[in-house]
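**Q** Sharing structure.cif (mmCIF, C-alpha atoms) below.
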data_data
#
loop_
_atom_site.label_atom_id
_atom_site.label_comp_id
_atom_site.auth_asym_id
_atom_site.auth_seq_id
_atom_site.Cartn_x
_atom_site.Cartn_y
_atom_site.Cartn_z
CA MET A 30 61.02 30.73 73.69
CA SER A 31 63.75 33.10 72.68
CA THR A 32 65.12 36.16 74.47
CA PRO A 33 62.71 39.06 74.92
CA PRO A 34 63.60 41.99 72.68
CA ALA A 35 64.57 45.34 74.15
CA PHE A 36 63.31 48.33 72.24
CA ASP A 37 65.53 51.38 72.44
CA ALA A 38 64.69 55.09 72.28
CA ALA A 39 65.46 55.18 68.55
CA PHE A 40 62.84 52.51 67.88
CA ALA A 41 60.34 54.24 70.16
CA GLY A 42 60.89 57.46 68.25
CA GLN A 43 60.43 55.78 64.89
CA PHE A 44 57.27 54.08 66.16
CA ALA A 45 55.90 57.47 67.19
CA GLU A 46 56.63 58.71 63.66
CA LEU A 47 54.80 55.67 62.28
CA LEU A 48 51.69 56.59 64.26
CA ARG A 49 52.01 60.20 63.14
CA TRP A 50 52.31 59.32 59.44
CA ARG A 51 49.76 56.52 59.22
CA ARG A 52 46.85 57.82 57.19
CA ASP A 53 43.50 56.65 55.94
CA VAL A 54 44.42 56.63 52.27
CA ARG A 55 41.94 57.21 49.45
CA ARG A 56 44.33 58.15 46.62
CA PHE A 57 46.33 55.26 45.25
CA ARG A 58 48.69 54.66 42.37
CA ARG A 59 47.59 51.69 40.31
CA ASP A 60 50.99 49.92 40.53
CA GLN A 61 50.85 46.36 41.72
CA VAL A 62 51.88 45.32 45.23
CA PRO A 63 54.15 42.25 45.52
CA ALA A 64 52.12 39.26 46.67
CA GLU A 65 54.91 38.24 49.07
CA LEU A 66 54.65 41.57 50.86
CA ILE A 67 50.91 41.10 51.40
CA GLU A 68 51.56 37.55 52.62
CA THR A 69 54.13 38.81 55.09
CA LEU A 70 51.71 41.41 56.45
CA LEU A 71 48.89 38.88 56.78
CA ALA A 72 51.21 36.51 58.63
CA GLN A 73 52.03 39.28 61.12
CA VAL A 74 48.32 39.89 61.62
CA GLU A 75 47.93 36.35 62.89
CA LEU A 76 49.81 37.53 65.99
CA SER A 77 47.16 40.14 66.84
CA PRO A 78 45.39 40.01 70.20
CA SER A 79 42.04 38.20 70.23
CA VAL A 80 39.57 37.40 72.96
CA GLY A 81 40.19 33.88 74.28
CA HIS A 82 42.84 33.52 71.53
CA SER A 83 39.89 33.04 69.16
CA GLN A 84 41.57 34.60 66.08
CA PRO A 85 38.17 35.22 64.45
CA TRP A 86 39.42 37.36 61.55
CA ARG A 87 38.70 36.19 58.01
CA TRP A 88 40.45 38.11 55.26
CA LEU A 89 38.95 37.79 51.79
CA SER A 90 41.05 39.15 48.95
CA ILE A 91 38.68 40.74 46.47
CA MET A 92 40.03 40.52 42.91
CA GLU A 93 37.05 39.52 40.79
CA PRO A 94 35.81 42.53 38.72
CA GLY A 95 32.15 41.69 39.31
CA GLN A 96 32.64 41.65 43.07
CA ARG A 97 34.59 44.90 42.99
CA ALA A 98 31.82 46.49 40.92
CA ALA A 99 29.23 45.38 43.47
CA VAL A 100 31.25 47.01 46.27
CA GLN A 101 31.53 50.23 44.27
CA ALA A 102 27.79 50.19 43.60
CA SER A 103 27.08 49.76 47.31
CA PHE A 104 29.39 52.66 48.09
CA ARG A 105 27.70 54.94 45.54
CA ARG A 106 24.25 54.13 46.94
CA CYS A 107 25.28 54.59 50.58
CA ASN A 108 27.27 57.73 49.87
CA ALA A 109 24.34 59.35 48.04
CA GLU A 110 22.11 58.51 50.99
CA ALA A 111 24.69 59.92 53.43
CA LEU A 112 24.81 63.18 51.49
CA THR A 113 21.10 63.77 52.11
CA ALA A 114 21.82 63.98 55.87
CA TYR A 115 23.76 67.24 55.42
CA GLU A 116 22.62 70.72 54.46
CA GLY A 117 24.12 73.89 53.02
CA ASP A 118 27.89 74.32 53.16
CA ARG A 119 28.33 71.02 55.00
CA ALA A 120 26.52 69.17 52.20
CA ALA A 121 28.60 70.93 49.57
CA LEU A 122 31.77 70.02 51.44
CA TYR A 123 30.68 66.38 51.86
CA ALA A 124 30.00 66.13 48.13
CA ARG A 125 33.57 67.27 47.39
CA LEU A 126 35.27 64.75 49.69
CA LYS A 127 37.11 61.78 48.22
CA LEU A 128 36.20 59.02 50.66
CA GLU A 129 37.53 55.86 49.01
CA GLY A 130 39.97 54.49 46.47
CA LEU A 131 37.84 51.59 45.29
CA GLN A 132 38.59 52.22 41.61
CA GLU A 133 42.34 52.46 41.97
CA ALA A 134 43.52 50.34 44.89
CA PRO A 135 45.26 47.25 43.48
CA VAL A 136 44.69 45.17 46.63
CA GLN A 137 41.35 45.03 48.40
CA PHE A 138 40.16 43.02 51.36
CA ALA A 139 36.78 42.41 52.87
CA VAL A 140 37.52 41.53 56.49
CA PHE A 141 34.95 39.54 58.42
CA CYS A 142 34.47 38.27 61.95
CA ASP A 143 33.51 34.61 62.14
CA HIS A 144 30.79 34.45 64.78
CA ALA A 145 30.61 30.67 64.43
CA THR A 146 34.19 29.98 65.41
CA GLU A 147 34.64 27.59 68.30
CA ARG A 148 38.14 28.81 68.95
CA GLY A 149 38.48 30.51 72.31
CA HIS A 150 35.60 28.46 73.75
CA GLY A 151 33.65 31.63 74.43
CA LEU A 152 36.18 32.92 76.96
CA GLY A 153 35.79 36.64 77.66
CA ARG A 154 32.63 37.03 75.57
CA LEU A 155 29.73 36.22 77.90
CA THR A 156 29.00 39.77 79.09
CA MET A 157 30.76 41.56 76.22
CA PRO A 158 30.09 39.49 73.08
CA GLU A 159 31.30 42.40 70.95
CA MET A 160 34.85 41.42 71.98
CA LEU A 161 34.94 39.03 69.02
CA ASP A 162 34.41 41.90 66.58
CA TYR A 163 36.91 44.03 68.48
CA SER A 164 39.54 41.32 67.97
CA VAL A 165 39.18 41.75 64.23
CA VAL A 166 39.53 45.53 64.57
CA ALA A 167 42.77 45.03 66.49
CA ALA A 168 44.12 42.85 63.67
CA ILE A 169 43.17 45.46 61.08
CA THR A 170 44.89 48.16 63.14
CA GLN A 171 48.09 46.12 63.27
CA PHE A 172 47.87 45.44 59.52
CA TRP A 173 47.48 49.17 58.91
CA LEU A 174 50.66 50.00 60.81
CA ALA A 175 52.63 47.11 59.34
CA ALA A 176 51.61 48.18 55.83
CA ARG A 177 52.67 51.78 56.39
CA ILE A 178 56.15 50.65 57.43
CA HIS A 179 56.55 49.34 53.90
CA GLY A 180 55.11 52.51 52.37
CA LEU A 181 51.73 50.91 51.68
CA GLY A 182 48.59 52.92 52.27
CA VAL A 183 45.40 51.49 53.72
CA GLY A 184 41.94 53.02 53.46
CA TRP A 185 39.03 51.70 55.54
CA VAL A 186 35.75 52.08 53.67
CA SER A 187 32.63 51.95 55.88
CA ILE A 188 30.18 53.73 53.58
CA LEU A 189 28.82 50.37 52.47
CA GLU A 190 25.79 48.23 53.21
CA PRO A 191 27.17 45.09 54.91
CA ALA A 192 24.28 42.94 53.62
CA GLU A 193 25.07 43.94 50.04
CA ILE A 194 28.74 43.10 50.47
CA ALA A 195 27.93 39.74 52.02
CA ALA A 196 25.57 38.96 49.14
CA ALA A 197 28.13 39.97 46.51
CA LEU A 198 30.80 37.81 48.15
CA ASP A 199 28.44 34.94 49.05
CA THR A 200 29.80 34.70 52.56
CA SER A 201 28.47 32.63 55.43
CA PRO A 202 25.61 34.18 57.43
CA ASP A 203 27.86 33.70 60.46
CA TRP A 204 30.41 36.14 59.08
CA LYS A 205 29.98 39.79 60.03
CA LEU A 206 31.60 42.44 57.86
CA ILE A 207 34.01 44.50 59.94
CA ALA A 208 35.88 46.41 57.27
CA TYR A 209 36.47 46.82 53.58
CA LEU A 210 40.09 47.80 53.00
CA CYS A 211 41.74 49.42 50.01
CA VAL A 212 45.49 48.79 49.94
CA GLY A 213 48.14 50.18 47.62
CA TRP A 214 50.86 52.76 47.11
CA PRO A 215 49.60 56.21 48.08
CA THR A 216 49.97 59.11 45.65
CA GLU A 217 51.25 61.31 48.49
CA GLU A 218 52.41 61.20 52.09
CA CYS A 219 51.14 63.62 54.69
CA ASP A 220 51.13 63.88 58.48
CA VAL A 221 47.73 65.63 58.51
CA PRO A 222 44.51 63.61 58.06
CA GLU A 223 42.80 64.28 54.74
CA LEU A 224 39.53 65.20 56.51
CA VAL A 225 41.41 67.91 58.40
CA ARG A 226 43.04 69.24 55.24
CA ALA A 227 39.63 69.31 53.54
CA GLY A 228 38.11 71.29 56.41
CA TRP A 229 35.67 68.57 57.48
CA GLU A 230 37.01 68.36 61.03
CA THR A 231 39.60 70.16 63.13
CA ARG A 232 42.83 68.53 64.22
CA MET B 12 54.32 69.27 57.05
CA SER B 13 57.72 67.69 57.51
CA THR B 14 59.47 65.06 55.43
CA PRO B 15 57.84 61.62 55.38
CA PRO B 16 59.87 59.09 57.33
CA ALA B 17 61.39 56.06 55.62
CA PHE B 18 61.32 52.88 57.65
CA ASP B 19 64.18 50.50 56.96
CA ALA B 20 64.38 46.72 57.18
CA ALA B 21 65.81 46.91 60.70
CA PHE B 22 62.76 48.83 61.91
CA ALA B 23 60.41 46.47 60.09
CA GLY B 24 62.13 43.54 61.78
CA GLN B 25 61.87 45.12 65.21
CA PHE B 26 58.20 45.93 64.61
CA ALA B 27 57.59 42.27 63.76
CA GLU B 28 59.25 41.36 67.06
CA LEU B 29 57.00 43.85 68.84
CA LEU B 30 53.91 42.11 67.45
CA ARG B 31 55.35 38.74 68.41
CA TRP B 32 56.09 39.77 72.00
CA ARG B 33 53.00 41.83 72.76
CA ARG B 34 50.95 39.86 75.27
CA ASP B 35 47.70 40.15 77.14
CA VAL B 36 49.26 40.50 80.59
CA ARG B 37 47.57 39.38 83.80
CA ARG B 38 50.61 39.15 86.11
CA PHE B 39 52.02 42.50 87.16
CA ARG B 40 54.63 43.75 89.56
CA ARG B 41 53.21 46.40 91.85
CA ASP B 42 55.93 48.96 91.04
CA GLN B 43 54.66 52.34 90.00
CA VAL B 44 54.72 53.51 86.39
CA PRO B 45 56.02 57.05 85.75
CA ALA B 46 53.12 59.40 85.07
CA GLU B 47 55.06 61.03 82.22
CA LEU B 48 55.33 57.71 80.41
CA ILE B 49 51.58 57.19 80.60
CA GLU B 50 51.02 60.75 79.37
CA THR B 51 53.35 60.13 76.43
CA LEU B 52 51.47 56.97 75.50
CA LEU B 53 48.08 58.67 75.74
CA ALA B 54 49.33 61.52 73.56
CA GLN B 55 50.36 59.00 70.90
CA VAL B 56 46.90 57.43 71.09
CA GLU B 57 45.39 60.74 70.00
CA LEU B 58 46.89 59.99 66.57
CA SER B 59 44.89 56.79 66.17
CA PRO B 60 42.55 56.37 63.20
CA SER B 61 38.91 57.24 63.83
CA VAL B 62 35.85 57.32 61.63
CA GLY B 63 35.30 60.84 60.31
CA HIS B 64 38.21 61.95 62.53
CA SER B 65 35.74 61.71 65.41
CA GLN B 66 38.31 60.71 68.08
CA PRO B 67 35.54 59.28 70.31
CA TRP B 68 37.83 57.61 72.86
CA ARG B 69 37.49 58.64 76.50
CA TRP B 70 40.18 57.30 78.84
CA LEU B 71 39.31 57.30 82.53
CA SER B 72 42.18 56.60 84.90
CA ILE B 73 40.79 54.51 87.74
CA MET B 74 42.68 55.15 90.96
CA GLU B 75 39.99 55.42 93.64
CA PRO B 76 39.96 52.25 95.83
CA GLY B 77 36.16 52.10 95.95
CA GLN B 78 35.92 52.17 92.18
CA ARG B 79 38.62 49.53 91.81
CA ALA B 80 36.80 47.35 94.32
CA ALA B 81 33.60 47.68 92.31
CA VAL B 82 35.40 46.55 89.17
CA GLN B 83 36.86 43.56 91.00
CA ALA B 84 33.43 42.65 92.34
CA SER B 85 31.96 42.80 88.85
CA PHE B 86 34.76 40.56 87.57
CA ARG B 87 34.20 37.99 90.33
CA ARG B 88 30.47 37.84 89.62
CA CYS B 89 30.89 37.59 85.85
CA ASN B 90 33.71 35.08 86.10
CA ALA B 91 31.70 32.82 88.41
CA GLU B 92 28.84 32.98 85.93
CA ALA B 93 31.18 32.21 83.03
CA LEU B 94 32.51 29.15 84.83
CA THR B 95 29.03 27.61 84.89
CA ALA B 96 29.06 27.48 81.06
CA TYR B 97 31.82 24.85 81.08
CA GLU B 98 31.83 21.22 82.13
CA GLY B 99 34.34 18.59 83.18
CA ASP B 100 37.98 19.14 82.33
CA ARG B 101 37.21 22.40 80.53
CA ALA B 102 35.54 23.79 83.66
CA ALA B 103 38.47 22.68 85.81
CA LEU B 104 40.88 24.33 83.41
CA TYR B 105 38.83 27.56 83.31
CA ALA B 106 38.80 27.72 87.10
CA ARG B 107 42.62 27.56 87.12
CA LEU B 108 43.16 30.38 84.60
CA LYS B 109 44.39 33.75 85.78
CA LEU B 110 42.38 36.11 83.64
CA GLU B 111 43.13 39.54 85.07
CA GLY B 112 45.56 41.56 87.15
CA LEU B 113 43.01 43.84 88.78
CA GLN B 114 44.57 43.51 92.23
CA GLU B 115 48.13 44.24 91.19
CA ALA B 116 48.15 46.52 88.15
CA PRO B 117 49.26 50.00 89.29
CA VAL B 118 47.60 51.77 86.35
CA GLN B 119 44.07 51.00 85.25
CA PHE B 120 41.87 52.57 82.60
CA ALA B 121 38.23 52.26 81.75
CA VAL B 122 38.03 53.20 78.09
CA PHE B 123 34.72 54.42 76.72
CA CYS B 124 33.29 55.44 73.38
CA ASP B 125 31.39 58.73 73.46
CA HIS B 126 28.29 58.10 71.37
CA ALA B 127 27.20 61.71 71.85
CA THR B 128 30.25 63.28 70.23
CA GLU B 129 29.51 65.65 67.37
CA ARG B 130 33.04 65.35 66.05
CA GLY B 131 33.16 63.70 62.65
CA HIS B 132 29.65 64.92 61.83
CA GLY B 133 28.47 61.34 61.44
CA LEU B 134 30.73 60.69 58.46
CA GLY B 135 31.19 56.97 57.73
CA ARG B 136 28.68 55.84 60.36
CA LEU B 137 25.30 55.82 58.65
CA THR B 138 25.30 52.17 57.52
CA MET B 139 27.97 50.97 59.98
CA PRO B 140 27.39 52.87 63.24
CA GLU B 141 29.67 50.43 65.03
CA MET B 142 32.60 52.26 63.39
CA LEU B 143 32.62 54.66 66.33
CA ASP B 144 33.30 51.80 68.75
CA TYR B 145 35.88 50.34 66.37
CA SER B 146 37.76 53.65 66.44
CA VAL B 147 38.24 53.23 70.18
CA VAL B 148 39.47 49.67 69.69
CA ALA B 149 42.06 50.94 67.21
CA ALA B 150 43.30 53.46 69.78
CA ILE B 151 43.55 50.76 72.42
CA THR B 152 45.51 48.53 70.03
CA GLN B 153 47.99 51.32 69.36
CA PHE B 154 48.30 52.02 73.09
CA TRP B 155 48.99 48.33 73.66
CA LEU B 156 51.88 48.29 71.19
CA ALA B 157 53.28 51.64 72.34
CA ALA B 158 53.24 50.43 75.96
CA ARG B 159 55.07 47.20 75.11
CA ILE B 160 57.88 49.16 73.47
CA HIS B 161 58.58 50.62 76.91
CA GLY B 162 58.30 47.22 78.60
CA LEU B 163 54.83 47.92 79.93
CA GLY B 164 52.27 45.14 79.89
CA VAL B 165 48.59 45.67 79.10
CA GLY B 166 45.75 43.31 79.96
CA TRP B 167 42.26 43.79 78.48
CA VAL B 168 39.60 42.62 80.93
CA SER B 169 36.21 41.91 79.34
CA ILE B 170 34.77 39.61 82.02
CA LEU B 171 32.82 42.53 83.43
CA GLU B 172 29.25 43.80 83.32
CA PRO B 173 29.43 47.14 81.47
CA ALA B 174 26.38 48.51 83.32
CA GLU B 175 28.05 47.81 86.67
CA ILE B 176 31.23 49.58 85.59
CA ALA B 177 29.31 52.59 84.29
CA ALA B 178 27.40 52.79 87.58
CA ALA B 179 30.58 52.54 89.67
CA LEU B 180 32.24 55.28 87.62
CA ASP B 181 29.10 57.40 87.25
CA THR B 182 29.69 57.93 83.54
CA SER B 183 27.34 59.51 81.03
CA PRO B 184 24.67 57.21 79.56
CA ASP B 185 26.12 58.18 76.18
CA TRP B 186 29.41 56.53 76.99
CA LYS B 187 29.78 52.86 76.04
CA LEU B 188 32.40 50.78 77.82
CA ILE B 189 34.83 49.36 75.27
CA ALA B 190 37.61 48.05 77.52
CA TYR B 191 38.95 47.90 81.02
CA LEU B 192 42.74 47.90 80.89
CA CYS B 193 45.28 46.82 83.48
CA VAL B 194 48.68 48.39 82.87
CA GLY B 195 51.99 47.79 84.61
CA TRP B 196 55.33 46.04 84.55
CA PRO B 197 54.84 42.34 83.74
CA THR B 198 56.39 39.70 85.98
CA GLU B 199 57.65 37.85 82.91
CA GLU B 200 58.05 38.16 79.15
CA CYS B 201 56.97 35.43 76.77
CA ASP B 202 56.34 35.08 73.05
CA VAL B 203 53.56 32.51 73.61
CA PRO B 204 50.08 33.65 74.69
CA GLU B 205 49.23 32.64 78.25
CA LEU B 206 46.04 30.87 77.10
CA VAL B 207 48.18 28.69 74.83
CA ARG B 208 50.66 27.90 77.60
CA ALA B 209 47.75 27.00 79.89
CA GLY B 210 46.30 24.61 77.32
CA TRP B 211 43.08 26.58 76.78
CA GLU B 212 43.64 27.06 73.06
CA THR B 213 46.15 25.94 70.46
CA ARG B 214 48.58 28.34 68.84
#
What is this structure when it is put down as structure tokens?

**A**
Amino acid sequence: MSTPPAFDAAFAGQFAELLRWRRDVRRFRRDQVPAELIETLLAQVELSPSVGHSQPWRWLSIMEPGQRAAVQASFRRCNAEALTAYEGDRAALYARLKLEGLQEAPVQFAVFCDHATERGHGLGRLTMPEMLDYSVVAAITQFWLAARIHGLGVGWVSILEPAEIAAALDTSPDWKLIAYLCVGWPTEECDVPELVRAGWETR
Amino acid sequence: MSTPPAFDAAFAGQFAELLRWRRDVRRFRRDQVPAELIETLLAQVELSPSVGHSQPWRWLSIMEPGQRAAVQASFRRCNAEALTAYEGDRAALYARLKLEGLQEAPVQFAVFCDHATERGHGLGRLTMPEMLDYSVVAAITQFWLAARIHGLGVGWVSILEPAEIAAALDTSPDWKLIAYLCVGWPTEECDVPELVRAGWETR
């Protein structure tokens, strides 16, 4: 064990800026991301909190064109279905939103929770079994912040049918899809969420 | 919109240290925490990512002794039940673990997800409705890191019966309990998770 770090006011201020400028990114440049940078970020994610120290996150890097096409097809189907839930101006606005960067993002991850893991020995999950999934969400949140420090944008795509993604990736039935992430260099930086700028929701 | 911040290598290094030294804390000093600090942290949490910009987190500060006693009673019941799931050495080890700081932590929050919120207009939740809960987990994760920057420890207690907590706090049936958080000054700092030090799980 080394000496605990002390974080000064300058660091606290920069961290606050990090939270303010983290965005859900849907507009990416196609430039590659160094593999070492992604490895560094994934290593940091291993330090995320998890119930019973179960570390149930499973990150699958999705590179294969057929798998990426299947994800895009699932998005198109789900997004068309979602559109039918809106009417009038709200429907017109929804149709104009750009909700994912699946075509452009150079790095993409399907992130699963391994419900079959024996790590953690069930601690903390008897009355709240959803804690295992929440542990994966915490890891994704930390990845998101760590990526932004390096200028990398992350977009979380949830307009997908988890069963279709699992089938396309041939994952274990014990793995639950938590997130599909697009990662890459954003085309712009902004401190206002895109859904606010587009008029979908107020600040 | 102001100028996007640039984060240098020094900040990236300190952030990595923050991830390494964040802990799930169960041992607190009883010293008070300045209310302004908690307010600052909660304000930062408002900037957390949320599906459709729904911001569904509801933070309830739990101060009333009767409510705290009800939470402790729920923990004792659930923890006794959890113990029965283990045998032999594992049961003996479980019985020795300190899994919460409910008696000592000066600040405590029950954090809920408001399933009745109309914010976000349902965007991103049709095929993955659990995204609303995940948004609250992301906010908690950011709170956890922000607190640690100021030396504050956070412990997430999940060995509770959500229905008992909701009854004790008289919350809306639309609110789902995501976490019960103990917050305060930790008695020690360590870069190794307590469950690892106790031999419950490997690194």

**Q** Counting all atoms listed in the file, which residues in chain A sit no more than 8 Å from chain B? For each one, give the nearest pair of atoms and the distance in Å, sorted by chain then residue number, as JSON lines.

**A**
{"residue": "A:Met30", "atom": "CA", "partner": "B:Asp202", "partner_atom": "CA", "distance": 6.4}
{"residue": "A:Ser31", "atom": "CA", "partner": "B:Asp202", "partner_atom": "CA", "distance": 7.7}
{"residue": "A:Pro33", "atom": "CA", "partner": "B:Glu200", "partner_atom": "CA", "distance": 6.4}
{"residue": "A:Pro34", "atom": "CA", "partner": "B:Glu28", "partner_atom": "CA", "distance": 7.1}
{"residue": "A:Ala35", "atom": "CA", "partner": "B:Ile160", "partner_atom": "CA", "distance": 7.7}
{"residue": "A:Phe36", "atom": "CA", "partner": "B:Ile160", "partner_atom": "CA", "distance": 5.6}
{"residue": "A:Phe40", "atom": "CA", "partner": "B:Phe22", "partner_atom": "CA", "distance": 7.0}
{"residue": "A:Ala41", "atom": "CA", "partner": "B:Ile160", "partner_atom": "CA", "distance": 6.5}
{"residue": "A:Gln43", "atom": "CA", "partner": "B:Phe18", "partner_atom": "CA", "distance": 7.8}
{"residue": "A:Phe44", "atom": "CA", "partner": "B:Ala157", "partner_atom": "CA", "distance": 7.8}
{"residue": "A:Ala45", "atom": "CA", "partner": "B:Gln55", "partner_atom": "CA", "distance": 6.8}
{"residue": "A:Glu46", "atom": "CA", "partner": "B:Pro16", "partner_atom": "CA", "distance": 7.1}
{"residue": "A:Leu47", "atom": "CA", "partner": "B:Pro16", "partner_atom": "CA", "distance": 7.9}
{"residue": "A:Leu48", "atom": "CA", "partner": "B:Leu58", "partner_atom": "CA", "distance": 6.3}
{"residue": "A:Arg49", "atom": "CA", "partner": "B:Leu58", "partner_atom": "CA", "distance": 6.2}
{"residue": "A:Trp50", "atom": "CA", "partner": "B:Pro15", "partner_atom": "CA", "distance": 7.2}
{"residue": "A:Arg52", "atom": "CA", "partner": "B:Pro60", "partner_atom": "CA", "distance": 7.5}
{"residue": "A:Asp53", "atom": "CA", "partner": "B:Pro60", "partner_atom": "CA", "distance": 7.3}
{"residue": "A:Gln73", "atom": "CA", "partner": "B:Ala27", "partner_atom": "CA", "distance": 6.8}
{"residue": "A:Leu76", "atom": "CA", "partner": "B:Arg31", "partner_atom": "CA", "distance": 6.2}
{"residue": "A:Ser77", "atom": "CA", "partner": "B:Leu30", "partner_atom": "CA", "distance": 7.1}
{"residue": "A:Pro78", "atom": "CA", "partner": "B:Asp35", "partner_atom": "CA", "distance": 7.3}
{"residue": "A:Gly81", "atom": "CA", "partner": "B:Leu206", "partner_atom": "CA", "distance": 7.2}
{"residue": "A:His82", "atom": "CA", "partner": "B:Glu212", "partner_atom": "CA", "distance": 6.7}
{"residue": "A:Cys107", "atom": "CA", "partner": "B:Thr138", "partner_atom": "CA", "distance": 7.3}
{"residue": "A:Ala111", "atom": "CA", "partner": "B:Leu137", "partner_atom": "CA", "distance": 6.7}
{"residue": "A:Arg148", "atom": "CA", "partner": "B:Glu212", "partner_atom": "CA", "distance": 7.1}
{"residue": "A:Gly149", "atom": "CA", "partner": "B:Glu212", "partner_atom": "CA", "distance": 6.3}
{"residue": "A:Leu152", "atom": "CA", "partner": "B:Ala93", "partner_atom": "CA", "distance": 7.9}
{"residue": "A:Gly153", "atom": "CA", "partner": "B:Ile170", "partner_atom": "CA", "distance": 5.4}
{"residue": "A:Arg154", "atom": "CA", "partner": "B:Ser169", "partner_atom": "CA", "distance": 7.1}
{"residue": "A:Leu155", "atom": "CA", "partner": "B:Ala93", "partner_atom": "CA", "distance": 6.7}
{"residue": "A:Thr156", "atom": "CA", "partner": "B:Glu172", "partner_atom": "CA", "distance": 5.8}
{"residue": "A:Met157", "atom": "CA", "partner": "B:Ser169", "partner_atom": "CA", "distance": 6.3}
{"residue": "A:Met160", "atom": "CA", "partner": "B:Ser169", "partner_atom": "CA", "distance": 7.5}
{"residue": "A:Tyr163", "atom": "CA", "partner": "B:Val148", "partner_atom": "CA", "distance": 6.3}
{"residue": "A:Val166", "atom": "CA", "partner": "B:Tyr145", "partner_atom": "CA", "distance": 6.3}
{"residue": "A:Ala167", "atom": "CA", "partner": "B:Thr152", "partner_atom": "CA", "distance": 5.7}
{"residue": "A:Thr170", "atom": "CA", "partner": "B:Ala149", "partner_atom": "CA", "distance": 5.7}
{"residue": "A:Gln171", "atom": "CA", "partner": "B:Thr152", "partner_atom": "CA", "distance": 7.6}
{"residue": "A:Ala175", "atom": "CA", "partner": "B:Phe26", "partner_atom": "CA", "distance": 7.8}
{"residue": "A:Ile178", "atom": "CA", "partner": "B:Phe18", "partner_atom": "CA", "distance": 5.6}
{"residue": "A:His179", "atom": "CA", "partner": "B:Phe18", "partner_atom": "CA", "distance": 7.0}
{"residue": "A:Gly180", "atom": "CA", "partner": "B:Ala17", "partner_atom": "CA", "distance": 7.9}
{"residue": "A:Val186", "atom": "CA", "partner": "B:Gly135", "partner_atom": "CA", "distance": 7.8}
{"residue": "A:Ser187", "atom": "CA", "partner": "B:Gly135", "partner_atom": "CA", "distance": 5.5}
{"residue": "A:Ile188", "atom": "CA", "partner": "B:Gly135", "partner_atom": "CA", "distance": 5.4}
{"residue": "A:Leu189", "atom": "CA", "partner": "B:Thr138", "partner_atom": "CA", "distance": 6.4}
{"residue": "A:Glu190", "atom": "CA", "partner": "B:Thr138", "partner_atom": "CA", "distance": 5.9}
{"residue": "A:Pro191", "atom": "CA", "partner": "B:Thr138", "partner_atom": "CA", "distance": 7.8}
{"residue": "A:Glu218", "atom": "CA", "partner": "B:Pro15", "partner_atom": "CA", "distance": 6.4}
{"residue": "A:Cys219", "atom": "CA", "partner": "B:Met12", "partner_atom": "CA", "distance": 6.9}
{"residue": "A:Asp220", "atom": "CA", "partner": "B:Met12", "partner_atom": "CA", "distance": 6.4}
{"residue": "A:Val221", "atom": "CA", "partner": "B:Met12", "partner_atom": "CA", "distance": 7.7}
{"residue": "A:Pro222", "atom": "CA", "partner": "B:His64", "partner_atom": "CA", "distance": 7.9}
{"residue": "A:Leu224", "atom": "CA", "partner": "B:His64", "partner_atom": "CA", "distance": 7.0}
{"residue": "A:Val225", "atom": "CA", "partner": "B:His64", "partner_atom": "CA", "distance": 7.9}
{"residue": "A:Trp229", "atom": "CA", "partner": "B:Gly131", "partner_atom": "CA", "distance": 7.5}
{"residue": "A:Glu230", "atom": "CA", "partner": "B:Gly131", "partner_atom": "CA", "distance": 6.3}

**Q** Which residue gives the smallest distance to Pro45 of chain B among B:Phe154, B:Phe120, B:Trp196, B:Trp68, with all atoms listed in the file counted?

**A** B:Trp196

**Q** For a quick check of your reading of the model, name the residues lying within 10 Å of the coordinate (43.4, 45.2, 44.3), counting only C-alpha atoms, and write them as an MDAnalysis selection string.

**A** chainID A and resid 59:62 90:94 97 131:138 210:213

**Q** Once you add 5 Å to each side, what are the centre and edge lengths of the axis-aligned box holding all listed atoms of segment 85-104 of chain B? One decimal in Å, as lines of an AutoDock Vina configuration file, if you can.

**A**
center_x = 34.9
center_y = 30.7
center_z = 85.4
size_x = 22.0
size_y = 34.2
size_z = 19.8

**Q** Separation of atom CA of Leu89 of chain A and atom CA of Ala102 of chain A, in Å?

**A**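 A separation of 18.6 Å between them.
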
**Q** I'd like to know which of A:Gly130, A:Pro85, A:Gly117, A:Gly42 is closest to Val100 of chain A, using all atoms listed in the file.

**A** A:Gly130

**Q** Between atom CA of Cys124 of chain B and atom CA of Leu143 of chain B, what distance in Å does the model show, to one decimal?

**A**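 Calculated distance between atom CA of Cys124 of chain B and atom CA of Leu143 of chain B is 7.1 Å.
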
**Q** What does the structure give for the distance between atom CA of Leu48 of chain B and atom CA of Gly164 of chain B, in Å to one decimal?

**A**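 Value for the atom CA of Leu48 of chain B-atom CA of Gly164 of chain B distance: 12.9 Å.
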
**Q** Measuring between all atoms listed in the file, which one of A:Ala99, A:Ala227, A:Leu181, A:Ala139 shows the shortest distance to Thr200 of chain A?

**A**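 Result for the nearest residue to Thr200 of chain A: A:Ala139.
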
**Q** So which residues get picked by the PyMOL selection byres ((chain B and resi 69) around 6) here, written as a ChimeraX atom specification?

**A** /B:68,70,122-123
